[in-house]
>>> print(open('work32.tsv').read())   # TSV, C-alpha atoms
chain	number	residue	atom	x	y	z
L	86	MET	CA	-14.84	98.40	-150.09
L	87	ASN	CA	-15.73	95.50	-152.41
L	88	VAL	CA	-12.98	92.92	-152.90
L	89	THR	CA	-13.30	90.88	-156.09
L	90	ARG	CA	-12.11	87.29	-156.36
L	91	LYS	CA	-9.23	88.55	-158.49
L	92	ASP	CA	-8.23	91.04	-155.80
L	93	PHE	CA	-8.47	88.35	-153.12
L	94	LEU	CA	-6.25	85.94	-155.03
L	95	SER	CA	-3.74	88.72	-155.61
L	96	LEU	CA	-3.60	89.58	-151.90
L	97	ALA	CA	-3.27	85.90	-150.97
L	98	ALA	CA	-0.39	85.46	-153.39
L	99	SER	CA	1.37	88.51	-151.95
L	100	ALA	CA	0.95	87.23	-148.41
L	101	ALA	CA	2.30	83.82	-149.34
L	102	ALA	CA	5.37	85.42	-150.84
L	103	MET	CA	6.21	87.32	-147.63
L	104	PRO	CA	8.94	85.78	-145.45
L	105	VAL	CA	7.68	84.04	-142.35
L	106	ARG	CA	9.34	85.16	-139.11
L	107	ALA	CA	9.59	82.62	-136.34
L	108	SER	CA	8.21	84.01	-133.11
L	109	SER	CA	10.99	84.45	-130.54
L	110	PRO	CA	10.36	82.79	-127.17
L	111	ALA	CA	9.09	85.01	-124.40
L	112	PRO	CA	11.93	86.15	-122.12
L	113	LEU	CA	12.10	84.29	-118.82
L	114	PRO	CA	11.30	86.35	-115.74
L	115	GLU	CA	14.19	87.75	-113.74
L	116	ILE	CA	15.37	85.28	-111.11
L	117	LYS	CA	14.57	86.47	-107.59
L	118	ALA	CA	16.12	83.69	-105.56
L	119	MET	CA	16.67	82.97	-101.89
L	120	LEU	CA	19.42	80.57	-100.82
L	121	MET	CA	18.29	78.27	-98.01
L	122	HIS	CA	20.01	75.38	-96.22
L	123	TRP	CA	18.28	72.07	-95.65
L	124	GLY	CA	21.59	70.36	-94.87
L	125	LEU	CA	24.35	71.93	-92.77
L	126	ASN	CA	27.38	69.69	-93.32
L	127	GLN	CA	28.93	71.89	-96.01
L	128	TRP	CA	31.58	73.45	-93.78
L	129	GLY	CA	34.79	72.04	-92.40
L	130	GLU	CA	36.06	68.52	-92.96
L	131	TYR	CA	34.44	65.17	-92.29
L	132	VAL	CA	35.97	63.29	-89.38
L	133	PRO	CA	34.56	59.85	-88.48
L	134	GLY	CA	32.78	60.13	-85.18
L	135	GLY	CA	31.45	63.60	-85.83
L	136	LEU	CA	34.14	66.01	-84.59
L	137	ASP	CA	35.47	68.60	-86.99
L	138	THR	CA	38.86	69.59	-85.59
L	139	ILE	CA	39.62	71.90	-88.53
L	140	GLY	CA	37.07	74.60	-87.84
L	141	GLY	CA	36.84	74.29	-84.06
L	142	THR	CA	33.50	74.22	-82.28
L	143	LYS	CA	31.86	76.47	-84.87
L	144	ASN	CA	32.10	73.85	-87.61
L	145	VAL	CA	31.37	70.66	-85.69
L	146	TYR	CA	30.15	67.96	-88.08
L	147	LYS	CA	26.42	67.44	-87.55
L	148	THR	CA	25.56	63.83	-86.75
L	149	LYS	CA	21.85	64.37	-87.45
L	150	VAL	CA	19.78	66.60	-89.70
L	151	LEU	CA	18.94	69.93	-88.07
L	152	PHE	CA	15.77	71.09	-89.81
L	153	ASP	CA	12.57	72.54	-88.37
L	154	GLU	CA	9.74	71.99	-90.82
L	155	ALA	CA	7.50	74.59	-89.18
L	156	VAL	CA	10.26	77.21	-89.55
L	157	TRP	CA	10.78	76.17	-93.18
L	158	ASN	CA	7.07	76.61	-93.88
L	159	ARG	CA	7.19	80.11	-92.41
L	160	PHE	CA	10.10	80.89	-94.73
L	161	VAL	CA	8.09	79.65	-97.70
L	162	ASP	CA	5.14	81.87	-96.78
L	163	ALA	CA	7.46	84.87	-96.35
L	164	MET	CA	9.17	84.28	-99.71
L	165	VAL	CA	5.84	84.05	-101.51
L	166	ALA	CA	4.64	87.25	-99.84
L	167	ALA	CA	7.91	89.00	-100.78
L	168	GLY	CA	7.52	88.13	-104.47
L	169	MET	CA	10.40	85.69	-104.75
L	170	ASN	CA	10.18	83.15	-107.59
L	171	MET	CA	13.03	80.73	-106.80
L	172	VAL	CA	14.54	78.95	-103.80
L	173	VAL	CA	17.99	77.35	-104.05
L	174	VAL	CA	18.38	74.74	-101.33
L	175	ASP	CA	21.69	73.40	-100.03
L	176	LEU	CA	21.12	69.66	-99.71
L	177	GLY	CA	24.17	68.01	-98.19
L	178	GLU	CA	23.11	65.31	-95.76
L	179	PHE	CA	19.40	66.23	-95.96
L	180	PRO	CA	18.15	63.68	-98.56
L	181	VAL	CA	18.26	59.92	-98.52
L	182	TYR	CA	20.06	59.46	-101.86
L	183	PRO	CA	18.66	56.23	-103.37
L	184	SER	CA	22.02	55.23	-104.85
L	185	HIS	CA	23.96	56.03	-101.65
L	186	PRO	CA	21.74	55.66	-98.58
L	187	GLU	CA	24.90	55.32	-96.47
L	188	LEU	CA	25.18	59.13	-96.58
L	189	ALA	CA	21.86	59.60	-94.77
L	190	LEU	CA	21.75	60.72	-91.14
L	191	PRO	CA	18.95	60.55	-88.59
L	192	GLY	CA	16.32	62.95	-89.87
L	193	SER	CA	17.24	62.74	-93.56
L	194	ARG	CA	14.17	63.10	-95.78
L	195	SER	CA	12.97	60.65	-98.40
L	196	PRO	CA	12.96	61.38	-102.14
L	197	GLU	CA	9.15	61.32	-101.96
L	198	TRP	CA	9.12	64.10	-99.35
L	199	ILE	CA	11.44	66.24	-101.48
L	200	LEU	CA	9.44	65.69	-104.67
L	201	SER	CA	6.25	66.66	-102.86
L	202	GLU	CA	7.91	69.92	-101.73
L	203	VAL	CA	9.06	70.66	-105.27
L	204	ARG	CA	5.49	70.30	-106.52
L	205	ARG	CA	3.96	72.16	-103.56
L	206	LEU	CA	6.24	75.17	-104.00
L	207	LYS	CA	5.70	75.19	-107.75
L	208	LYS	CA	1.99	75.74	-107.14
L	209	LEU	CA	2.97	78.69	-104.92
L	210	GLY	CA	5.11	80.24	-107.66
L	211	LEU	CA	8.47	79.15	-106.23
L	212	GLU	CA	10.89	77.15	-108.38
L	213	LEU	CA	12.89	74.84	-106.12
L	214	ILE	CA	16.49	74.40	-107.32
L	215	PRO	CA	18.93	71.91	-105.73
L	216	LYS	CA	22.47	72.77	-104.60
L	217	LEU	CA	25.15	70.14	-103.97
L	218	ASN	CA	28.45	71.67	-102.93
L	219	PHE	CA	31.33	69.69	-104.45
L	220	SER	CA	34.01	72.10	-103.23
L	221	ALA	CA	36.65	70.22	-101.25
L	222	THR	CA	36.17	72.88	-98.57
L	223	HIS	CA	32.43	72.25	-98.29
L	224	ASP	CA	31.88	68.55	-98.93
L	225	ALA	CA	31.81	67.06	-95.42
L	226	TRP	CA	28.34	65.77	-96.33
L	227	LEU	CA	30.06	63.27	-98.67
L	228	GLN	CA	31.65	61.67	-95.59
L	229	GLU	CA	34.41	59.20	-96.54
L	230	TYR	CA	34.06	60.01	-100.23
L	231	SER	CA	35.20	63.58	-99.52
L	232	HIS	CA	38.67	62.09	-98.98
L	233	MET	CA	38.70	60.37	-102.40
L	234	LEU	CA	38.92	63.41	-104.68
L	235	THR	CA	39.64	62.76	-108.38
L	236	THR	CA	39.40	58.96	-108.00
L	237	SER	CA	37.06	56.87	-110.12
L	238	LYS	CA	35.08	55.94	-106.99
L	239	TYR	CA	34.62	59.59	-106.04
L	240	ARG	CA	33.45	60.52	-109.51
L	241	GLN	CA	31.02	57.64	-109.72
L	242	VAL	CA	29.47	58.60	-106.37
L	243	CYS	CA	29.14	62.22	-107.50
L	244	SER	CA	27.47	61.13	-110.76
L	245	ASP	CA	25.08	58.86	-108.87
L	246	ILE	CA	24.07	61.64	-106.48
L	247	ILE	CA	23.59	64.14	-109.31
L	248	ARG	CA	21.28	61.70	-111.09
L	249	ASP	CA	19.35	61.03	-107.86
L	250	THR	CA	18.97	64.76	-107.26
L	251	SER	CA	17.68	65.39	-110.76
L	252	GLU	CA	14.96	62.80	-110.22
L	253	MET	CA	14.05	63.97	-106.71
L	254	PHE	CA	13.62	67.54	-107.98
L	255	ASP	CA	11.57	66.49	-111.01
L	256	HIS	CA	14.36	67.32	-113.48
L	257	PRO	CA	15.03	70.98	-112.60
L	258	ARG	CA	16.49	73.61	-114.91
L	259	PHE	CA	19.62	74.08	-112.81
L	260	LEU	CA	21.88	72.30	-110.37
L	261	HIS	CA	24.11	74.54	-108.27
L	262	ILE	CA	27.40	72.70	-107.67
L	263	GLY	CA	29.00	75.15	-105.23
L	264	TYR	CA	32.75	74.98	-105.89
L	265	ASP	CA	33.56	77.99	-103.71
L	266	GLU	CA	36.43	78.83	-101.36
L	267	GLU	CA	38.69	76.07	-102.58
L	268	GLY	CA	42.48	76.14	-102.75
L	269	PHE	CA	45.52	75.45	-100.65
L	270	GLU	CA	45.48	78.85	-98.95
L	271	LEU	CA	41.87	78.25	-97.85
L	272	GLN	CA	42.28	74.63	-96.72
L	273	LYS	CA	45.31	74.61	-94.48
L	274	GLY	CA	45.10	71.50	-92.32
L	275	PHE	CA	42.62	69.65	-94.53
L	276	LYS	CA	43.41	66.06	-95.49
L	277	CYS	CA	42.55	66.58	-99.15
L	278	VAL	CA	43.36	69.68	-101.18
L	279	ARG	CA	43.18	69.93	-104.96
L	280	CYS	CA	44.56	72.77	-107.03
L	281	ASP	CA	45.17	73.83	-110.61
L	282	GLU	CA	44.68	71.08	-113.22
L	283	VAL	CA	43.43	68.58	-110.64
L	284	TRP	CA	40.72	71.05	-109.67
L	285	TRP	CA	39.80	71.61	-113.31
L	286	SER	CA	39.67	67.89	-114.02
L	287	ASP	CA	37.11	67.17	-111.27
L	288	PHE	CA	35.19	70.36	-112.03
L	289	LEU	CA	34.74	69.59	-115.73
L	290	TYR	CA	33.71	66.03	-114.86
L	291	ILE	CA	30.97	67.39	-112.58
L	292	VAL	CA	29.78	69.85	-115.22
L	293	ASN	CA	29.48	67.01	-117.73
L	294	ALA	CA	27.60	64.85	-115.20
L	295	VAL	CA	25.11	67.67	-114.57
L	296	GLU	CA	24.54	68.30	-118.26
L	297	SER	CA	24.15	64.56	-118.93
L	298	CYS	CA	21.08	64.72	-116.67
L	299	GLY	CA	19.60	67.59	-118.67
L	300	MET	CA	20.33	70.34	-116.13
L	301	ARG	CA	22.37	73.51	-116.45
L	302	THR	CA	25.35	73.89	-114.13
L	303	TRP	CA	25.30	76.84	-111.72
L	304	MET	CA	28.35	77.70	-109.61
L	305	TRP	CA	30.01	80.22	-107.32
L	306	SER	CA	32.54	82.32	-109.23
L	307	ASP	CA	35.19	83.04	-106.60
L	308	TYR	CA	37.75	80.69	-108.17
L	309	GLY	CA	38.06	83.59	-110.60
L	310	TRP	CA	39.20	85.92	-107.80
L	311	ARG	CA	42.54	84.14	-107.60
L	312	HIS	CA	42.89	82.62	-111.09
L	313	GLU	CA	43.14	84.97	-114.05
L	314	ASP	CA	42.42	82.18	-116.55
L	315	PHE	CA	39.08	81.19	-114.98
L	316	ALA	CA	36.93	82.99	-117.56
L	317	ASP	CA	38.95	81.43	-120.40
L	318	LYS	CA	38.81	77.85	-119.12
L	319	CYS	CA	35.30	77.63	-117.68
L	320	PRO	CA	32.60	76.43	-120.14
L	321	LYS	CA	30.50	79.43	-121.17
L	322	GLN	CA	27.20	77.66	-120.50
L	323	VAL	CA	27.91	77.50	-116.73
L	324	LEU	CA	25.72	80.02	-114.89
L	325	GLN	CA	27.85	82.21	-112.61
L	326	SER	CA	27.10	83.58	-109.14
L	327	ASN	CA	29.89	85.93	-108.17
L	328	TRP	CA	29.23	86.91	-104.57
L	329	TYR	CA	29.90	90.19	-102.82
L	330	TYR	CA	28.65	90.76	-99.27
L	331	ASP	CA	30.66	93.91	-98.47
L	332	GLU	CA	31.72	92.46	-95.12
L	333	GLN	CA	34.61	94.95	-94.94
L	334	LEU	CA	32.36	97.98	-95.57
L	335	ALA	CA	34.30	98.80	-98.73
L	336	GLY	CA	31.21	99.87	-100.64
L	337	PHE	CA	30.75	99.78	-104.41
L	338	ASP	CA	32.67	102.85	-105.57
L	339	MET	CA	36.10	101.53	-106.51
L	340	ALA	CA	37.48	105.01	-107.04
L	341	SER	CA	36.98	105.87	-103.37
L	342	MET	CA	37.98	102.53	-101.85
L	343	ALA	CA	40.85	102.37	-99.38
L	344	PRO	CA	44.09	100.75	-100.63
L	345	SER	CA	43.42	97.82	-98.28
L	346	HIS	CA	40.26	96.91	-100.17
L	347	LYS	CA	42.06	95.08	-102.97
L	348	LEU	CA	39.80	92.02	-102.86
L	349	ALA	CA	36.67	94.16	-103.13
L	350	ARG	CA	38.01	95.63	-106.37
L	351	VAL	CA	38.80	92.15	-107.71
L	352	ILE	CA	35.30	90.91	-106.94
L	353	LEU	CA	33.51	93.90	-108.42
L	354	ASN	CA	35.69	93.81	-111.53
L	355	LEU	CA	34.91	90.11	-112.01
L	356	TYR	CA	31.26	90.95	-112.72
L	357	LYS	CA	32.45	93.01	-115.68
L	358	LYS	CA	35.00	90.41	-116.77
L	359	LEU	CA	32.45	87.59	-116.76
L	360	ASP	CA	29.98	89.71	-118.72
L	361	LYS	CA	32.58	90.56	-121.33
L	362	ALA	CA	33.49	86.87	-121.63
L	363	GLY	CA	29.86	85.97	-122.35
L	364	PHE	CA	28.71	84.33	-119.09
L	365	ASP	CA	25.17	84.55	-117.76
L	366	GLN	CA	25.16	85.76	-114.17
L	367	VAL	CA	23.07	85.76	-110.99
L	368	PRO	CA	24.95	87.98	-108.50
L	369	CYS	CA	24.57	86.90	-104.87
L	370	GLY	CA	24.43	89.00	-101.72
L	371	SER	CA	24.09	88.22	-98.02
L	372	ASN	CA	23.29	89.79	-94.65
L	373	TRP	CA	25.49	87.36	-92.70
L	374	LYS	CA	27.67	90.22	-91.43
L	375	SER	CA	24.79	92.28	-90.09
L	376	LYS	CA	26.43	92.49	-86.68
L	377	LYS	CA	29.40	94.31	-88.19
L	378	TYR	CA	27.00	96.70	-89.90
L	379	ARG	CA	25.08	97.35	-86.70
L	380	ASP	CA	28.32	97.96	-84.81
L	381	SER	CA	29.25	100.55	-87.45
L	382	GLY	CA	25.98	102.40	-86.93
L	383	ARG	CA	23.97	100.82	-89.75
L	384	PRO	CA	20.98	98.62	-88.87
L	385	VAL	CA	21.68	95.60	-91.10
L	386	ASN	CA	23.97	94.43	-93.89
L	387	ASP	CA	21.79	95.86	-96.65
L	388	SER	CA	24.52	95.65	-99.31
L	389	ILE	CA	22.21	93.50	-101.49
L	390	VAL	CA	20.38	96.73	-102.40
L	391	ASP	CA	23.56	98.28	-103.83
L	392	LEU	CA	24.61	94.98	-105.39
L	393	VAL	CA	21.39	94.89	-107.42
L	394	LYS	CA	22.02	98.46	-108.59
L	395	TYR	CA	25.63	97.59	-109.49
L	396	GLY	CA	24.63	94.44	-111.37
L	397	ARG	CA	21.99	96.22	-113.40
L	398	LYS	CA	24.49	98.93	-114.28
L	399	PHE	CA	27.52	96.85	-115.25
L	400	ILE	CA	26.11	93.50	-116.47
L	401	SER	CA	24.45	93.48	-119.85
L	402	ARG	CA	20.72	92.75	-120.08
L	403	GLU	CA	21.54	89.72	-122.20
L	404	HIS	CA	23.60	88.08	-119.47
L	405	LEU	CA	22.00	89.33	-116.24
L	406	LYS	CA	19.55	86.57	-115.30
L	407	GLY	CA	18.60	87.80	-111.85
L	408	PHE	CA	19.84	87.96	-108.26
L	409	MET	CA	20.16	85.70	-105.23
L	410	MET	CA	20.25	86.40	-101.50
L	411	GLY	CA	21.32	84.16	-98.63
L	412	SER	CA	21.79	84.55	-94.90
L	413	TRP	CA	23.92	81.39	-94.44
L	414	SER	CA	21.64	80.38	-91.57
L	415	GLY	CA	19.80	77.07	-91.28
L	416	CYS	CA	16.10	76.25	-91.31
L	417	THR	CA	16.06	76.24	-87.53
L	418	GLN	CA	14.64	78.46	-84.81
L	419	GLU	CA	18.16	79.86	-84.27
L	420	GLY	CA	18.36	80.87	-87.92
L	421	GLU	CA	14.83	82.18	-88.31
L	422	GLN	CA	15.40	85.86	-87.58
L	423	HIS	CA	18.44	86.09	-89.85
L	424	ASN	CA	16.65	84.36	-92.74
L	425	MET	CA	13.55	86.52	-92.35
L	426	GLU	CA	15.76	89.59	-92.43
L	427	ALA	CA	17.39	88.31	-95.63
L	428	ILE	CA	14.00	87.81	-97.30
L	429	SER	CA	12.94	91.34	-96.35
L	430	LEU	CA	16.19	92.84	-97.68
L	431	MET	CA	15.88	90.93	-100.95
L	432	GLN	CA	12.33	92.22	-101.40
L	433	LYS	CA	13.62	95.76	-100.83
L	434	ALA	CA	16.41	95.23	-103.38
L	435	VAL	CA	14.51	93.67	-106.29
L	436	GLY	CA	10.99	94.90	-105.67
>>> encode(input="work32.tsv", output="structure tokens")
Amino acid sequence: MNVTRKDFLSLAASAAAMPVRASSPAPLPEIKAMLMHWGLNQWGEYVPGGLDTIGGTKNVYKTKVLFDEAVWNRFVDAMVAAGMNMVVVDLGEFPVYPSHPELALPGSRSPEWILSEVRRLKKLGLELIPKLNFSATHDAWLQEYSHMLTTSKYRQVCSDIIRDTSEMFDHPRFLHIGYDEEGFELQKGFKCVRCDEVWWSDFLYIVNAVESCGMRTWMWSDYGWRHEDFADKCPKQVLQSNWYYDEQLAGFDMASMAPSHKLARVILNLYKKLDKAGFDQVPCGSNWKSKKYRDSGRPVNDSIVDLVKYGRKFISREHLKGFMMGSWSGCTQEGEQHNMEAISLMQKAVG
């Protein structure tokens, strides 16, 4: 076919008149995250001298960092082999925060060590995301500041630490702020309890501090189990991780649940409620109750497999950003088997 100059100019004019469509960004891969714990002072209440009298011997405040680097490296290798693409690490007392070195314990790692791990894991295909739990139930790592909730000093310290963390992690996409299991009924005997508007005031301050550093806030969603207005009050840009571990063996079929499984229904319904309200979600599962499963005749707490199926069924594709799995065991020899089991179960669940 011979195209004359007149034909060419006509085609060019037609093409120029066509509307130009901006190319939409490629969708981000589904999050396949493991929750790991570098620091372990996120449970109980800080008591000077190291003894946590609230939780008994199980929640004794750790006076040094308990972290086995060789075990951690084995976890990293296992996560890469399992096809994970993200690791969320509970920090607590683990880093030396440049603005507040008084929070460091023997064994705390330097910002340089952390930054080198961020870059090392990135080369392996693992995005390292920090987690700082600011729940008043899980902030023993803040030491004396954990008893200063809502004060200007407390808020300044939190802002400082958030900024330090952003820099140590090379300005990550997310910062998980915890905020789980908080409320009077869950903190009987604690020195400091915050509820209702006081809780919201500190929470919104933290969200603003995170966003001021260019990160997106990620949180646990269980405040919504007990507060109907949670989905209305929480900023829509906050990434939600509603967690369901099926510790009570209630399953996922609400129609067949026993009357005693009221909380299970609340939790499972919250996934739907958050989706309807427009929140992005990363549902979280755990194998921490594997003993109960084994005692019932099942080998492990493999509920993460059914949680993934449930999430993909009831959360819209627009708002389902992935899944997370945690064993709630440390990076220690004692926690190695449980963490390895969690990685294997997550691989089975998400492929």
>>> residues_around(input="work32.tsv", residues="range 130-132 of chain L", least_positions_apart="4", cutoff="12 Å", atoms="only C-alpha atoms", output="MDAnalysis selection string")
chainID L and resid 126 136:141 144:148 178 188 220:233 272:278
>>> write_last_selection(input="work32.tsv", atoms="C-alpha atoms", output="PDB file, in the coordinates of the input")
ATOM      1  CA  ASN L 126      27.380  69.690 -93.320  1.00  0.00           C
ATOM      2  CA  LEU L 136      34.140  66.010 -84.590  1.00  0.00           C
ATOM      3  CA  ASP L 137      35.470  68.600 -86.990  1.00  0.00           C
ATOM      4  CA  THR L 138      38.860  69.590 -85.590  1.00  0.00           C
ATOM      5  CA  ILE L 139      39.620  71.900 -88.530  1.00  0.00           C
ATOM      6  CA  GLY L 140      37.070  74.600 -87.840  1.00  0.00           C
ATOM      7  CA  GLY L 141      36.840  74.290 -84.060  1.00  0.00           C
ATOM      8  CA  ASN L 144      32.100  73.850 -87.610  1.00  0.00           C
ATOM      9  CA  VAL L 145      31.370  70.660 -85.690  1.00  0.00           C
ATOM     10  CA  TYR L 146      30.150  67.960 -88.080  1.00  0.00           C
ATOM     11  CA  LYS L 147      26.420  67.440 -87.550  1.00  0.00           C
ATOM     12  CA  THR L 148      25.560  63.830 -86.750  1.00  0.00           C
ATOM     13  CA  GLU L 178      23.110  65.310 -95.760  1.00  0.00           C
ATOM     14  CA  LEU L 188      25.180  59.130 -96.580  1.00  0.00           C
ATOM     15  CA  SER L 220      34.010  72.100-103.230  1.00  0.00           C
ATOM     16  CA  ALA L 221      36.650  70.220-101.250  1.00  0.00           C
ATOM     17  CA  THR L 222      36.170  72.880 -98.570  1.00  0.00           C
ATOM     18  CA  HIS L 223      32.430  72.250 -98.290  1.00  0.00           C
ATOM     19  CA  ASP L 224      31.880  68.550 -98.930  1.00  0.00           C
ATOM     20  CA  ALA L 225      31.810  67.060 -95.420  1.00  0.00           C
ATOM     21  CA  TRP L 226      28.340  65.770 -96.330  1.00  0.00           C
ATOM     22  CA  LEU L 227      30.060  63.270 -98.670  1.00  0.00           C
ATOM     23  CA  GLN L 228      31.650  61.670 -95.590  1.00  0.00           C
ATOM     24  CA  GLU L 229      34.410  59.200 -96.540  1.00  0.00           C
ATOM     25  CA  TYR L 230      34.060  60.010-100.230  1.00  0.00           C
ATOM     26  CA  SER L 231      35.200  63.580 -99.520  1.00  0.00           C
ATOM     27  CA  HIS L 232      38.670  62.090 -98.980  1.00  0.00           C
ATOM     28  CA  MET L 233      38.700  60.370-102.400  1.00  0.00           C
ATOM     29  CA  GLN L 272      42.280  74.630 -96.720  1.00  0.00           C
ATOM     30  CA  LYS L 273      45.310  74.610 -94.480  1.00  0.00           C
ATOM     31  CA  GLY L 274      45.100  71.500 -92.320  1.00  0.00           C
ATOM     32  CA  PHE L 275      42.620  69.650 -94.530  1.00  0.00           C
ATOM     33  CA  LYS L 276      43.410  66.060 -95.490  1.00  0.00           C
ATOM     34  CA  CYS L 277      42.550  66.580 -99.150  1.00  0.00           C
ATOM     35  CA  VAL L 278      43.360  69.680-101.180  1.00  0.00           C
TER      36      VAL L 278
END
>>> residues_near_point(input="work32.tsv", point="(16.7, 60.8, -94.3)", cutoff="10 Å", atoms="only C-alpha atoms", output="PyMOL selection string")
chain L and resi 149-150+178-182+186+188-196+198
>>> atom_distance(input="work32.tsv", atom1="CA of Asp307 in chain L", atom2="CA of Tyr329 in chain L")
9.7 Å
>>> closest_residue(input="work32.tsv", among="L:Leu359, L:Met410, L:Met431, L:Leu234", to="Val283 in chain L", atoms="all atoms listed in the file")
L:Leu234
>>> residues_around(input="work32.tsv", residues="Asp281 in chain L", least_positions_apart="4", cutoff="12 Å", atoms="only C-alpha atoms", output="list of chain:residue names")
L:Glu267, L:Gly268, L:Phe269, L:Trp285, L:Ser286, L:Asp287, L:Phe288, L:Tyr308, L:Arg311, L:His312, L:Glu313, L:Asp314, L:Phe315, L:Lys318
>>> write_last_selection(input="work32.tsv", atoms="C-alpha atoms", output="mmCIF file, keeping the file's coordinate frame")
data_model
loop_
_atom_site.group_PDB
_atom_site.id
_atom_site.type_symbol
_atom_site.label_atom_id
_atom_site.label_comp_id
_atom_site.auth_asym_id
_atom_site.auth_seq_id
_atom_site.Cartn_x
_atom_site.Cartn_y
_atom_site.Cartn_z
ATOM 1 C CA GLU L 267 38.690 76.070 -102.580
ATOM 2 C CA GLY L 268 42.480 76.140 -102.750
ATOM 3 C CA PHE L 269 45.520 75.450 -100.650
ATOM 4 C CA TRP L 285 39.800 71.610 -113.310
ATOM 5 C CA SER L 286 39.670 67.890 -114.020
ATOM 6 C CA ASP L 287 37.110 67.170 -111.270
ATOM 7 C CA PHE L 288 35.190 70.360 -112.030
ATOM 8 C CA TYR L 308 37.750 80.690 -108.170
ATOM 9 C CA ARG L 311 42.540 84.140 -107.600
ATOM 10 C CA HIS L 312 42.890 82.620 -111.090
ATOM 11 C CA GLU L 313 43.140 84.970 -114.050
ATOM 12 C CA ASP L 314 42.420 82.180 -116.550
ATOM 13 C CA PHE L 315 39.080 81.190 -114.980
ATOM 14 C CA LYS L 318 38.810 77.850 -119.120
#
>>> atom_distance(input="work32.tsv", atom1="CA of Trp157 in chain L", atom2="CA of Phe254 in chain L")
17.4 Å
>>> closest_residue(input="work32.tsv", among="L:Trp303, L:Trp328, L:Phe219, L:Tyr239", to="Leu260 in chain L", atoms="all atoms listed in the file")
L:Trp303
>>> closest_residue(input="work32.tsv", among="L:Leu176, L:Leu430, L:Cys280, L:Trp413", to="Trp123 in chain L", atoms="only C-alpha atoms")
L:Leu176
>>> atom_distance(input="work32.tsv", atom1="CA of Phe259 in chain L", atom2="CA of Pro215 in chain L")
7.4 Å
>>> closest_residue(input="work32.tsv", among="L:Met121, L:Cys298, L:Met169, L:Leu217", to="His423 in chain L", atoms="all atoms listed in the file")
L:Met121
>>> closest_residue(input="work32.tsv", among="L:Leu113, L:Leu353, L:Val161, L:Met304", to="Phe399 in chain L", atoms="only C-alpha atoms")
L:Leu353
>>> closest_residue(input="work32.tsv", among="L:Ser371, L:Ser297, L:Asn218, L:Ser388", to="Ser251 in chain L", atoms="all atoms listed in the file")
L:Ser297
>>> residues_around(input="work32.tsv", residues="range 244-249 of chain L", least_positions_apart="2", cutoff="7 Å", atoms="all atoms listed in the file", output="JSON, numbers by chain")
{"L": [182, 183, 184, 240, 241, 242, 251, 252, 253, 294, 295, 298]}
>>> residues_around(input="work32.tsv", residues="Cys416 in chain L", least_positions_apart="2", cutoff="8 Å", atoms="all atoms listed in the file", output="list of chain:residue names")
L:Met121, L:His122, L:Trp123, L:Leu151, L:Phe152, L:Asp153, L:Glu154, L:Val156, L:Trp157, L:Ser414, L:Gln418, L:Gly420, L:Glu421
>>> residues_around(input="work32.tsv", residues="Leu348 in chain L", least_positions_apart="2", cutoff="10 Å", atoms="all atoms listed in the file", output="number ranges by chain")
L: 310-311, 333, 335, 344-346, 350-354
>>> residues_near_point(input="work32.tsv", point="(6.7, 80.8, -107.9)", cutoff="8 Å", atoms="all atoms listed in the file", output="PyMOL selection string")
chain L and resi 165+169-171+206-212
